[in-house]
Amino acid sequence: MSEEGLKATFFEEHDADPDLLQGRRVAIIGFGSQGHAHALNLRDSGVQVMVGLYEGSKSAEHARSEGLEVTSVAAASEWADTIAILIPDTVQTEVYHAEIEPYLKDGDALLFAHGFNVHYDEIKPPETVDTILVAPKSPGKKVREQYQDGRGVPALIGVHHDASGKALEFTLAYANALGCTRAGVLQTTFADETETDLFGEQAVLCGGLSELVKAGFETLVDAGYDPELAYFECLHEMKLIVDLAYARGLSGMRAEVSDTAEYGDYVSGNRVIGEAVRSEMQEILKDVQSGAFARQWIAEAKTGGKNFERKREEEKHHGIESVGVKLRSRMSWV
(Lines give C-alpha, C1' and ligand atoms only; values in the text may rest on other atoms or scores of the structure.)
Protein backbone atom coordinates (compact mmCIF):
# COMPACT_ATOMS: atom_id res chain seq x y z
CA MET A 1 0.00 0.00 0.00
CA SER A 2 1.12 3.56 -0.57
CA GLU A 3 1.70 5.97 2.30
CA GLU A 4 0.50 8.92 0.25
CA GLY A 5 -2.87 10.41 1.11
CA LEU A 6 -3.37 8.13 4.11
CA LYS A 7 -6.13 9.27 6.45
CA ALA A 8 -5.28 8.79 10.12
CA THR A 9 -7.43 6.00 11.57
CA PHE A 10 -7.80 4.74 15.13
CA PHE A 11 -7.84 1.01 15.78
CA GLU A 12 -8.75 -0.74 19.02
CA GLU A 13 -8.35 -4.18 20.57
CA HIS A 14 -11.26 -5.72 18.69
CA ASP A 15 -9.59 -4.76 15.39
CA ALA A 16 -6.55 -6.96 16.05
CA ASP A 17 -6.22 -10.68 15.37
CA PRO A 18 -3.74 -12.19 17.87
CA ASP A 19 -3.65 -15.43 15.86
CA LEU A 20 -1.52 -13.70 13.22
CA LEU A 21 1.42 -13.92 15.65
CA GLN A 22 1.02 -17.62 16.26
CA GLY A 23 4.10 -19.46 15.03
CA ARG A 24 5.97 -16.24 14.28
CA ARG A 25 9.54 -15.87 15.57
CA VAL A 26 10.31 -12.33 16.70
CA ALA A 27 13.86 -11.04 17.15
CA ILE A 28 14.07 -7.99 19.37
CA ILE A 29 17.26 -6.13 18.45
CA GLY A 30 18.25 -4.13 21.52
CA PHE A 31 17.16 -4.35 25.14
CA GLY A 32 16.98 -0.71 26.18
CA SER A 33 13.91 1.34 27.01
CA GLN A 34 11.70 0.07 24.19
CA GLY A 35 13.50 -3.22 23.57
CA HIS A 36 12.92 -4.64 27.04
CA ALA A 37 9.23 -3.68 26.97
CA HIS A 38 8.65 -5.19 23.53
CA ALA A 39 10.46 -8.41 24.40
CA LEU A 40 8.71 -8.97 27.73
CA ASN A 41 5.22 -7.92 26.63
CA LEU A 42 5.39 -10.08 23.50
CA ARG A 43 6.74 -13.01 25.51
CA ASP A 44 3.92 -12.67 28.04
CA SER A 45 1.44 -12.53 25.15
CA GLY A 46 2.60 -15.97 24.04
CA VAL A 47 4.91 -14.91 21.21
CA GLN A 48 8.24 -16.62 20.50
CA VAL A 49 10.93 -14.04 21.27
CA MET A 50 14.71 -13.93 21.03
CA VAL A 51 16.85 -10.93 21.96
CA GLY A 52 19.74 -9.93 19.68
CA LEU A 53 22.58 -7.95 21.27
CA TYR A 54 26.16 -7.07 20.41
CA GLU A 55 28.89 -9.08 22.10
CA GLY A 56 29.66 -7.66 25.53
CA SER A 57 26.33 -5.85 25.90
CA LYS A 58 25.57 -4.93 29.50
CA SER A 59 21.90 -5.67 28.80
CA ALA A 60 22.48 -9.38 28.15
CA GLU A 61 22.49 -10.38 31.82
CA HIS A 62 19.31 -8.38 32.44
CA ALA A 63 17.53 -10.04 29.53
CA ARG A 64 18.59 -13.52 30.62
CA SER A 65 17.48 -12.81 34.19
CA GLU A 66 14.01 -12.17 32.75
CA GLY A 67 14.04 -15.64 31.20
CA LEU A 68 14.69 -14.48 27.65
CA GLU A 69 17.03 -16.17 25.20
CA VAL A 70 19.88 -13.90 24.15
CA THR A 71 22.18 -14.27 21.17
CA SER A 72 24.03 -12.13 18.64
CA VAL A 73 22.16 -9.76 16.34
CA ALA A 74 23.10 -11.88 13.33
CA ALA A 75 21.96 -15.15 14.91
CA ALA A 76 18.69 -13.63 16.07
CA SER A 77 18.08 -12.17 12.61
CA GLU A 78 18.73 -15.50 10.93
CA TRP A 79 16.38 -17.30 13.35
CA ALA A 80 13.53 -14.81 13.10
CA ASP A 81 10.84 -14.08 10.55
CA THR A 82 10.05 -10.77 12.27
CA ILE A 83 12.88 -8.43 13.25
CA ALA A 84 12.17 -5.43 15.49
CA ILE A 85 15.01 -2.90 15.32
CA LEU A 86 14.95 -1.11 18.68
CA ILE A 87 18.46 0.33 18.92
CA PRO A 88 19.45 4.04 18.67
CA ASP A 89 18.88 5.78 15.32
CA THR A 90 22.58 6.54 14.90
CA VAL A 91 23.69 2.89 14.95
CA GLN A 92 20.78 1.29 13.13
CA THR A 93 22.19 1.64 9.62
CA GLU A 94 25.53 0.00 10.37
CA VAL A 95 23.93 -2.86 12.33
CA TYR A 96 21.25 -3.36 9.68
CA HIS A 97 23.70 -3.72 6.80
CA ALA A 98 26.14 -5.92 8.71
CA GLU A 99 23.92 -8.21 10.78
CA ILE A 100 20.29 -7.98 9.66
CA GLU A 101 20.05 -7.42 5.91
CA PRO A 102 22.06 -10.55 4.97
CA TYR A 103 19.52 -12.73 6.78
CA LEU A 104 16.28 -11.21 5.51
CA LYS A 105 14.09 -13.72 3.70
CA ASP A 106 11.11 -13.19 1.43
CA GLY A 107 8.01 -12.88 3.60
CA ASP A 108 9.84 -11.58 6.67
CA ALA A 109 8.69 -8.48 8.54
CA LEU A 110 11.00 -5.64 9.54
CA LEU A 111 9.61 -3.52 12.36
CA PHE A 112 10.68 -0.09 13.64
CA ALA A 113 9.59 1.99 16.63
CA HIS A 114 10.67 5.20 14.88
CA GLY A 115 10.65 5.85 11.14
CA PHE A 116 13.84 7.96 11.03
CA ASN A 117 16.21 5.72 9.07
CA VAL A 118 13.60 4.41 6.64
CA HIS A 119 12.10 7.83 5.99
CA TYR A 120 15.49 9.43 5.33
CA ASP A 121 16.66 6.49 3.16
CA GLU A 122 19.45 5.43 5.50
CA ILE A 123 17.85 1.98 5.49
CA LYS A 124 16.16 0.72 2.33
CA PRO A 125 14.50 -2.64 3.08
CA PRO A 126 13.90 -5.02 0.18
CA GLU A 127 10.42 -4.98 -1.31
CA THR A 128 10.03 -8.66 -0.51
CA VAL A 129 9.56 -7.97 3.22
CA ASP A 130 6.89 -6.09 5.14
CA THR A 131 8.29 -2.87 6.57
CA ILE A 132 6.14 -1.69 9.44
CA LEU A 133 6.03 0.75 12.35
CA VAL A 134 4.81 0.35 15.94
CA ALA A 135 5.74 3.39 18.01
CA PRO A 136 4.36 3.42 21.57
CA LYS A 137 3.81 6.98 22.79
CA SER A 138 5.47 6.38 26.15
CA PRO A 139 8.88 5.34 27.45
CA GLY A 140 9.41 1.59 27.58
CA LYS A 141 9.06 1.48 31.37
CA LYS A 142 5.51 2.81 31.09
CA VAL A 143 4.74 0.43 28.20
CA ARG A 144 5.72 -2.49 30.45
CA GLU A 145 3.99 -1.21 33.59
CA GLN A 146 0.70 -0.54 31.84
CA TYR A 147 0.76 -3.97 30.22
CA GLN A 148 1.34 -5.66 33.57
CA ASP A 149 -1.56 -3.70 35.04
CA GLY A 150 -3.87 -4.95 32.30
CA ARG A 151 -3.90 -1.64 30.49
CA GLY A 152 -1.83 -0.18 27.66
CA VAL A 153 -0.36 2.99 26.19
CA PRO A 154 -1.40 4.47 22.83
CA ALA A 155 0.84 3.89 19.83
CA LEU A 156 1.34 5.05 16.28
CA ILE A 157 1.40 2.36 13.61
CA GLY A 158 2.31 2.49 9.94
CA VAL A 159 3.07 0.41 6.88
CA HIS A 160 5.92 1.53 4.64
CA HIS A 161 5.80 -1.53 2.39
CA ASP A 162 3.18 -4.29 2.28
CA ALA A 163 4.84 -7.32 0.69
CA SER A 164 2.54 -9.89 2.26
CA GLY A 165 -0.75 -8.13 1.57
CA LYS A 166 -1.47 -8.34 5.30
CA ALA A 167 1.10 -5.94 6.73
CA LEU A 168 -1.48 -3.74 8.44
CA GLU A 169 -3.19 -6.72 10.03
CA PHE A 170 0.14 -8.04 11.29
CA THR A 171 1.08 -4.60 12.62
CA LEU A 172 -2.16 -4.49 14.59
CA ALA A 173 -1.46 -7.96 15.98
CA TYR A 174 2.01 -6.87 17.13
CA ALA A 175 0.62 -3.69 18.72
CA ASN A 176 -2.01 -5.81 20.42
CA ALA A 177 0.65 -8.10 21.89
CA LEU A 178 2.36 -4.99 23.31
CA GLY A 179 -0.92 -3.99 24.96
CA CYS A 180 -1.21 -0.82 22.88
CA THR A 181 -4.57 -1.63 21.27
CA ARG A 182 -6.09 -1.54 24.76
CA ALA A 183 -5.59 2.24 24.65
CA GLY A 184 -5.96 2.57 20.87
CA VAL A 185 -3.45 2.89 18.04
CA LEU A 186 -3.41 5.57 15.37
CA GLN A 187 -2.46 4.64 11.82
CA THR A 188 -0.08 7.11 10.20
CA THR A 189 2.93 7.02 7.88
CA PHE A 190 6.66 6.64 8.48
CA ALA A 191 7.10 10.18 7.15
CA ASP A 192 4.48 11.79 9.39
CA GLU A 193 5.58 9.89 12.50
CA THR A 194 9.20 10.87 11.95
CA GLU A 195 8.65 14.51 11.09
CA THR A 196 6.14 15.27 13.84
CA ASP A 197 8.29 13.42 16.39
CA LEU A 198 11.46 15.33 15.52
CA PHE A 199 9.64 18.67 15.38
CA GLY A 200 7.94 18.08 18.73
CA GLU A 201 11.22 17.13 20.40
CA GLN A 202 13.09 20.13 19.06
CA ALA A 203 10.51 22.91 19.17
CA VAL A 204 8.45 21.98 22.22
CA LEU A 205 9.22 18.94 24.35
CA CYS A 206 13.00 19.13 24.72
CA GLY A 207 14.54 22.09 22.93
CA GLY A 208 11.68 24.53 23.42
CA LEU A 209 10.99 23.53 27.03
CA SER A 210 14.64 23.52 28.08
CA GLU A 211 15.32 26.96 26.65
CA LEU A 212 12.09 28.40 28.06
CA VAL A 213 12.91 27.15 31.55
CA LYS A 214 16.51 28.43 31.38
CA ALA A 215 15.42 31.79 30.00
CA GLY A 216 12.91 32.27 32.81
CA PHE A 217 15.48 31.22 35.42
CA GLU A 218 18.14 33.54 33.99
CA THR A 219 15.71 36.48 33.76
CA LEU A 220 14.86 36.25 37.45
CA VAL A 221 18.44 35.68 38.61
CA ASP A 222 19.74 38.53 36.45
CA ALA A 223 17.09 40.76 38.02
CA GLY A 224 18.49 39.98 41.46
CA TYR A 225 16.12 37.27 42.67
CA ASP A 226 17.40 34.30 44.64
CA PRO A 227 18.39 31.36 42.36
CA GLU A 228 16.50 28.90 44.59
CA LEU A 229 13.34 30.96 44.24
CA ALA A 230 13.84 31.16 40.46
CA TYR A 231 14.29 27.38 40.32
CA PHE A 232 11.03 26.75 42.16
CA GLU A 233 9.06 29.11 39.95
CA CYS A 234 10.54 28.17 36.56
CA LEU A 235 11.29 24.46 36.83
CA HIS A 236 9.95 22.79 39.99
CA GLU A 237 6.35 23.85 39.45
CA MET A 238 6.52 22.82 35.78
CA LYS A 239 5.51 19.28 36.78
CA LEU A 240 2.24 20.48 38.30
CA ILE A 241 1.26 22.25 35.09
CA VAL A 242 2.43 19.46 32.78
CA ASP A 243 0.61 16.80 34.80
CA LEU A 244 -2.62 18.78 34.72
CA ALA A 245 -2.34 19.44 30.98
CA TYR A 246 -1.44 15.78 30.34
CA ALA A 247 -4.50 14.55 32.20
CA ARG A 248 -7.05 17.22 31.29
CA GLY A 249 -5.80 19.25 28.33
CA LEU A 250 -4.94 22.95 28.37
CA SER A 251 -8.43 24.09 29.31
CA GLY A 252 -8.57 21.53 32.10
CA MET A 253 -5.21 22.75 33.41
CA ARG A 254 -6.42 26.34 33.39
CA ALA A 255 -9.52 25.32 35.35
CA GLU A 256 -7.29 24.00 38.15
CA VAL A 257 -4.88 26.93 38.53
CA SER A 258 -5.77 30.29 40.08
CA ASP A 259 -7.71 32.88 38.12
CA THR A 260 -4.65 35.11 38.33
CA ALA A 261 -2.48 32.42 36.72
CA GLU A 262 -5.10 31.76 34.06
CA TYR A 263 -5.40 35.46 33.19
CA GLY A 264 -1.59 35.76 33.05
CA ASP A 265 -1.59 32.80 30.64
CA TYR A 266 -3.91 34.65 28.26
CA VAL A 267 -2.19 38.05 28.30
CA SER A 268 1.48 37.02 28.51
CA GLY A 269 1.87 33.62 26.86
CA ASN A 270 1.64 35.01 23.35
CA ARG A 271 4.22 37.68 24.23
CA VAL A 272 6.75 34.92 24.94
CA ILE A 273 5.69 32.70 22.06
CA GLY A 274 5.14 35.47 19.53
CA GLU A 275 5.50 35.67 15.77
CA ALA A 276 9.30 35.44 15.89
CA VAL A 277 9.11 32.12 17.74
CA ARG A 278 6.42 30.79 15.42
CA SER A 279 8.55 31.76 12.44
CA GLU A 280 11.51 29.84 13.90
CA MET A 281 9.25 26.84 14.48
CA GLN A 282 8.36 26.89 10.80
CA GLU A 283 12.07 26.91 9.92
CA ILE A 284 12.71 24.00 12.28
CA LEU A 285 9.89 22.07 10.62
CA LYS A 286 11.34 22.81 7.18
CA ASP A 287 14.72 21.44 8.29
CA VAL A 288 13.01 18.28 9.50
CA GLN A 289 10.93 17.88 6.34
CA SER A 290 13.85 18.49 3.97
CA GLY A 291 16.14 16.09 5.80
CA ALA A 292 18.60 18.88 6.71
CA PHE A 293 18.40 18.05 10.42
CA ALA A 294 18.75 14.33 9.74
CA ARG A 295 21.86 14.88 7.60
CA GLN A 296 23.36 17.12 10.28
CA TRP A 297 22.69 14.57 13.05
CA ILE A 298 23.96 11.63 11.01
CA ALA A 299 27.15 13.53 10.11
CA GLU A 300 27.65 14.48 13.76
CA ALA A 301 27.33 10.86 14.83
CA LYS A 302 29.67 9.60 12.12
CA THR A 303 32.39 12.05 13.19
CA GLY A 304 32.32 10.96 16.82
CA GLY A 305 29.72 13.36 18.20
CA LYS A 306 32.22 15.92 19.50
CA ASN A 307 29.83 18.87 19.22
CA PHE A 308 27.08 16.79 20.82
CA GLU A 309 29.29 15.87 23.79
CA ARG A 310 30.52 19.46 24.15
CA LYS A 311 26.97 20.79 24.38
CA ARG A 312 26.03 18.02 26.82
CA GLU A 313 28.88 19.04 29.14
CA GLU A 314 28.09 22.75 28.83
CA GLU A 315 24.48 22.22 29.81
CA LYS A 316 25.47 20.18 32.88
CA HIS A 317 27.19 23.28 34.25
CA HIS A 318 24.30 25.71 33.82
CA GLY A 319 23.36 27.46 37.06
CA ILE A 320 19.92 25.86 37.17
CA GLU A 321 21.54 22.43 37.43
CA SER A 322 23.62 23.11 40.54
CA VAL A 323 20.68 24.81 42.25
CA GLY A 324 18.43 21.92 41.28
CA VAL A 325 20.74 19.25 42.72
CA LYS A 326 20.73 21.02 46.10
CA LEU A 327 16.97 21.55 46.21
CA ARG A 328 16.02 18.09 44.95
CA SER A 329 18.11 16.51 47.71
CA ARG A 330 15.43 17.82 50.11
CA MET A 331 12.59 16.22 48.13
CA SER A 332 12.22 12.71 49.54
CA TRP A 333 9.46 11.88 47.02
CA VAL A 334 11.66 12.47 43.96
# chains A, B, ... in the order shown; residues from 1 in each chain; ligands from 1
>>> residues_around(residues="region 66-76 of chain A", least_positions_apart="5", cutoff="12 Å", atoms="only C-alpha atoms", output="PyMOL selection string")
chain A and resi 25-31+36-44+47-61+81-87+92+94-104
>>> residues_around(residues="Asn176 (chain A)", least_positions_apart="3", cutoff="9 Å", atoms="only C-alpha atoms", output="mmCIF file with all heavy atoms, in the first residue's frame")
data_model
loop_
_atom_site.group_PDB
_atom_site.id
_atom_site.type_symbol
_atom_site.label_atom_id
_atom_site.label_comp_id
_atom_site.auth_asym_id
_atom_site.auth_seq_id
_atom_site.Cartn_x
_atom_site.Cartn_y
_atom_site.Cartn_z
ATOM 1 N N GLU A 12 -8.664 -0.307 17.633
ATOM 2 C CA GLU A 12 -8.746 -0.744 19.017
ATOM 3 C C GLU A 12 -8.547 -2.252 19.109
ATOM 4 O O GLU A 12 -8.288 -2.925 18.098
ATOM 5 C CB GLU A 12 -10.085 -0.307 19.621
ATOM 6 C CG GLU A 12 -10.256 1.215 19.631
ATOM 7 C CD GLU A 12 -11.588 1.671 20.173
ATOM 8 O OE1 GLU A 12 -12.577 0.897 20.065
ATOM 9 O OE2 GLU A 12 -11.664 2.791 20.693
ATOM 10 N N GLU A 13 -8.689 -2.775 20.323
ATOM 11 C CA GLU A 13 -8.355 -4.180 20.568
ATOM 12 C C GLU A 13 -9.163 -5.129 19.699
ATOM 13 O O GLU A 13 -8.642 -6.131 19.203
ATOM 14 C CB GLU A 13 -8.563 -4.489 22.055
ATOM 15 C CG GLU A 13 -7.823 -5.720 22.527
ATOM 16 C CD GLU A 13 -7.696 -5.764 24.041
ATOM 17 O OE1 GLU A 13 -8.379 -4.978 24.740
ATOM 18 O OE2 GLU A 13 -6.908 -6.590 24.525
ATOM 19 N N ALA A 16 -7.771 -6.164 16.191
ATOM 20 C CA ALA A 16 -6.548 -6.960 16.053
ATOM 21 C C ALA A 16 -6.852 -8.454 16.126
ATOM 22 O O ALA A 16 -7.724 -8.894 16.879
ATOM 23 C CB ALA A 16 -5.558 -6.580 17.143
ATOM 24 N N ASP A 17 -6.100 -9.227 15.362
ATOM 25 C CA ASP A 17 -6.218 -10.682 15.368
ATOM 26 C C ASP A 17 -4.938 -11.273 15.944
ATOM 27 O O ASP A 17 -3.938 -11.404 15.242
ATOM 28 C CB ASP A 17 -6.443 -11.195 13.939
ATOM 29 C CG ASP A 17 -6.576 -12.715 13.876
ATOM 30 O OD1 ASP A 17 -6.580 -13.349 14.939
ATOM 31 O OD2 ASP A 17 -6.665 -13.244 12.749
ATOM 32 N N PRO A 18 -4.950 -11.653 17.228
ATOM 33 C CA PRO A 18 -3.741 -12.188 17.867
ATOM 34 C C PRO A 18 -3.206 -13.448 17.189
ATOM 35 O O PRO A 18 -2.015 -13.744 17.282
ATOM 36 C CB PRO A 18 -4.199 -12.482 19.303
ATOM 37 C CG PRO A 18 -5.424 -11.640 19.505
ATOM 38 C CD PRO A 18 -6.082 -11.578 18.166
ATOM 39 N N SER A 45 2.613 -12.356 26.017
ATOM 40 C CA SER A 45 1.438 -12.532 25.154
ATOM 41 C C SER A 45 1.499 -13.836 24.370
ATOM 42 O O SER A 45 0.668 -14.081 23.494
ATOM 43 C CB SER A 45 1.311 -11.347 24.186
ATOM 44 O OG SER A 45 1.016 -10.148 24.878
ATOM 45 N N THR A 171 0.688 -5.715 11.765
ATOM 46 C CA THR A 171 1.085 -4.598 12.616
ATOM 47 C C THR A 171 0.125 -4.450 13.790
ATOM 48 O O THR A 171 0.542 -4.230 14.937
ATOM 49 C CB THR A 171 1.130 -3.290 11.804
ATOM 50 O OG1 THR A 171 1.973 -3.473 10.660
ATOM 51 C CG2 THR A 171 1.661 -2.144 12.635
ATOM 52 N N LEU A 172 -1.159 -4.566 13.527
ATOM 53 C CA LEU A 172 -2.155 -4.489 14.591
ATOM 54 C C LEU A 172 -1.992 -5.631 15.586
ATOM 55 O O LEU A 172 -2.136 -5.437 16.798
ATOM 56 C CB LEU A 172 -3.565 -4.512 13.996
ATOM 57 C CG LEU A 172 -4.033 -3.220 13.328
ATOM 58 C CD1 LEU A 172 -5.307 -3.459 12.526
ATOM 59 C CD2 LEU A 172 -4.257 -2.131 14.371
ATOM 60 N N ALA A 173 -1.668 -6.825 15.091
ATOM 61 C CA ALA A 173 -1.464 -7.963 15.983
ATOM 62 C C ALA A 173 -0.265 -7.736 16.892
ATOM 63 O O ALA A 173 -0.296 -8.055 18.091
ATOM 64 C CB ALA A 173 -1.280 -9.241 15.171
ATOM 65 N N GLY A 179 0.096 -4.583 24.094
ATOM 66 C CA GLY A 179 -0.919 -3.991 24.957
ATOM 67 C C GLY A 179 -1.423 -2.652 24.466
ATOM 68 O O GLY A 179 -2.308 -2.044 25.069
ATOM 69 N N CYS A 180 -0.888 -2.175 23.338
ATOM 70 C CA CYS A 180 -1.211 -0.823 22.882
ATOM 71 C C CYS A 180 -2.636 -0.683 22.357
ATOM 72 O O CYS A 180 -3.232 0.405 22.469
ATOM 73 C CB CYS A 180 -0.211 -0.379 21.820
ATOM 74 S SG CYS A 180 1.465 -0.163 22.450
ATOM 75 N N THR A 181 -3.204 -1.746 21.794
ATOM 76 C CA THR A 181 -4.566 -1.626 21.270
ATOM 77 C C THR A 181 -5.588 -1.464 22.392
ATOM 78 O O THR A 181 -6.726 -1.067 22.142
ATOM 79 C CB THR A 181 -4.941 -2.842 20.411
ATOM 80 O OG1 THR A 181 -4.713 -4.051 21.162
ATOM 81 C CG2 THR A 181 -4.134 -2.885 19.129
ATOM 82 N N ARG A 182 -5.183 -1.769 23.633
ATOM 83 C CA ARG A 182 -6.091 -1.537 24.765
ATOM 84 C C ARG A 182 -6.391 -0.051 24.906
ATOM 85 O O ARG A 182 -7.487 0.326 25.346
ATOM 86 C CB ARG A 182 -5.457 -2.050 26.060
ATOM 87 C CG ARG A 182 -5.173 -3.549 26.079
ATOM 88 C CD ARG A 182 -4.308 -3.914 27.286
ATOM 89 N NE ARG A 182 -3.960 -5.331 27.302
ATOM 90 C CZ ARG A 182 -3.101 -5.870 28.165
ATOM 91 N NH1 ARG A 182 -2.507 -5.099 29.070
ATOM 92 N NH2 ARG A 182 -2.834 -7.163 28.122
#
>>> residues_around(residues="Phe190 (chain A)", least_positions_apart="4", cutoff="10 Å", atoms="only C-alpha atoms", output="count of residues only")
21
>>> closest_residue(among="A:Gly35, A:Gly107, A:Gly274, A:Pro125", to="Pro88 (chain A)", atoms="only C-alpha atoms")
A:Gly35
>>> closest_residue(among="A:Asp197, A:Ala183, A:Trp79, A:Ala175", to="Val288 (chain A)", atoms="only C-alpha atoms")
A:Asp197
>>> select_by_dssp(residues="region 140-224 of chain A", states="helix (DSSP H, G or I)", output="ChimeraX atom specification")
/A:140-148,167-178,180-182,190-205,207-222
>>> atom_distance(atom1="CA of Glu314 (chain A)", atom2="CA of Glu237 (chain A)")
24.2 Å
>>> closest_residue(among="A:Cys234, A:Val257, A:Ala8, A:Ala191", to="Asp121 (chain A)", atoms="only C-alpha atoms")
A:Ala191
>>> closest_residue(among="A:Leu235, A:Leu198, A:Met331, A:Ile241", to="Gly291 (chain A)", atoms="only C-alpha atoms")
A:Leu198
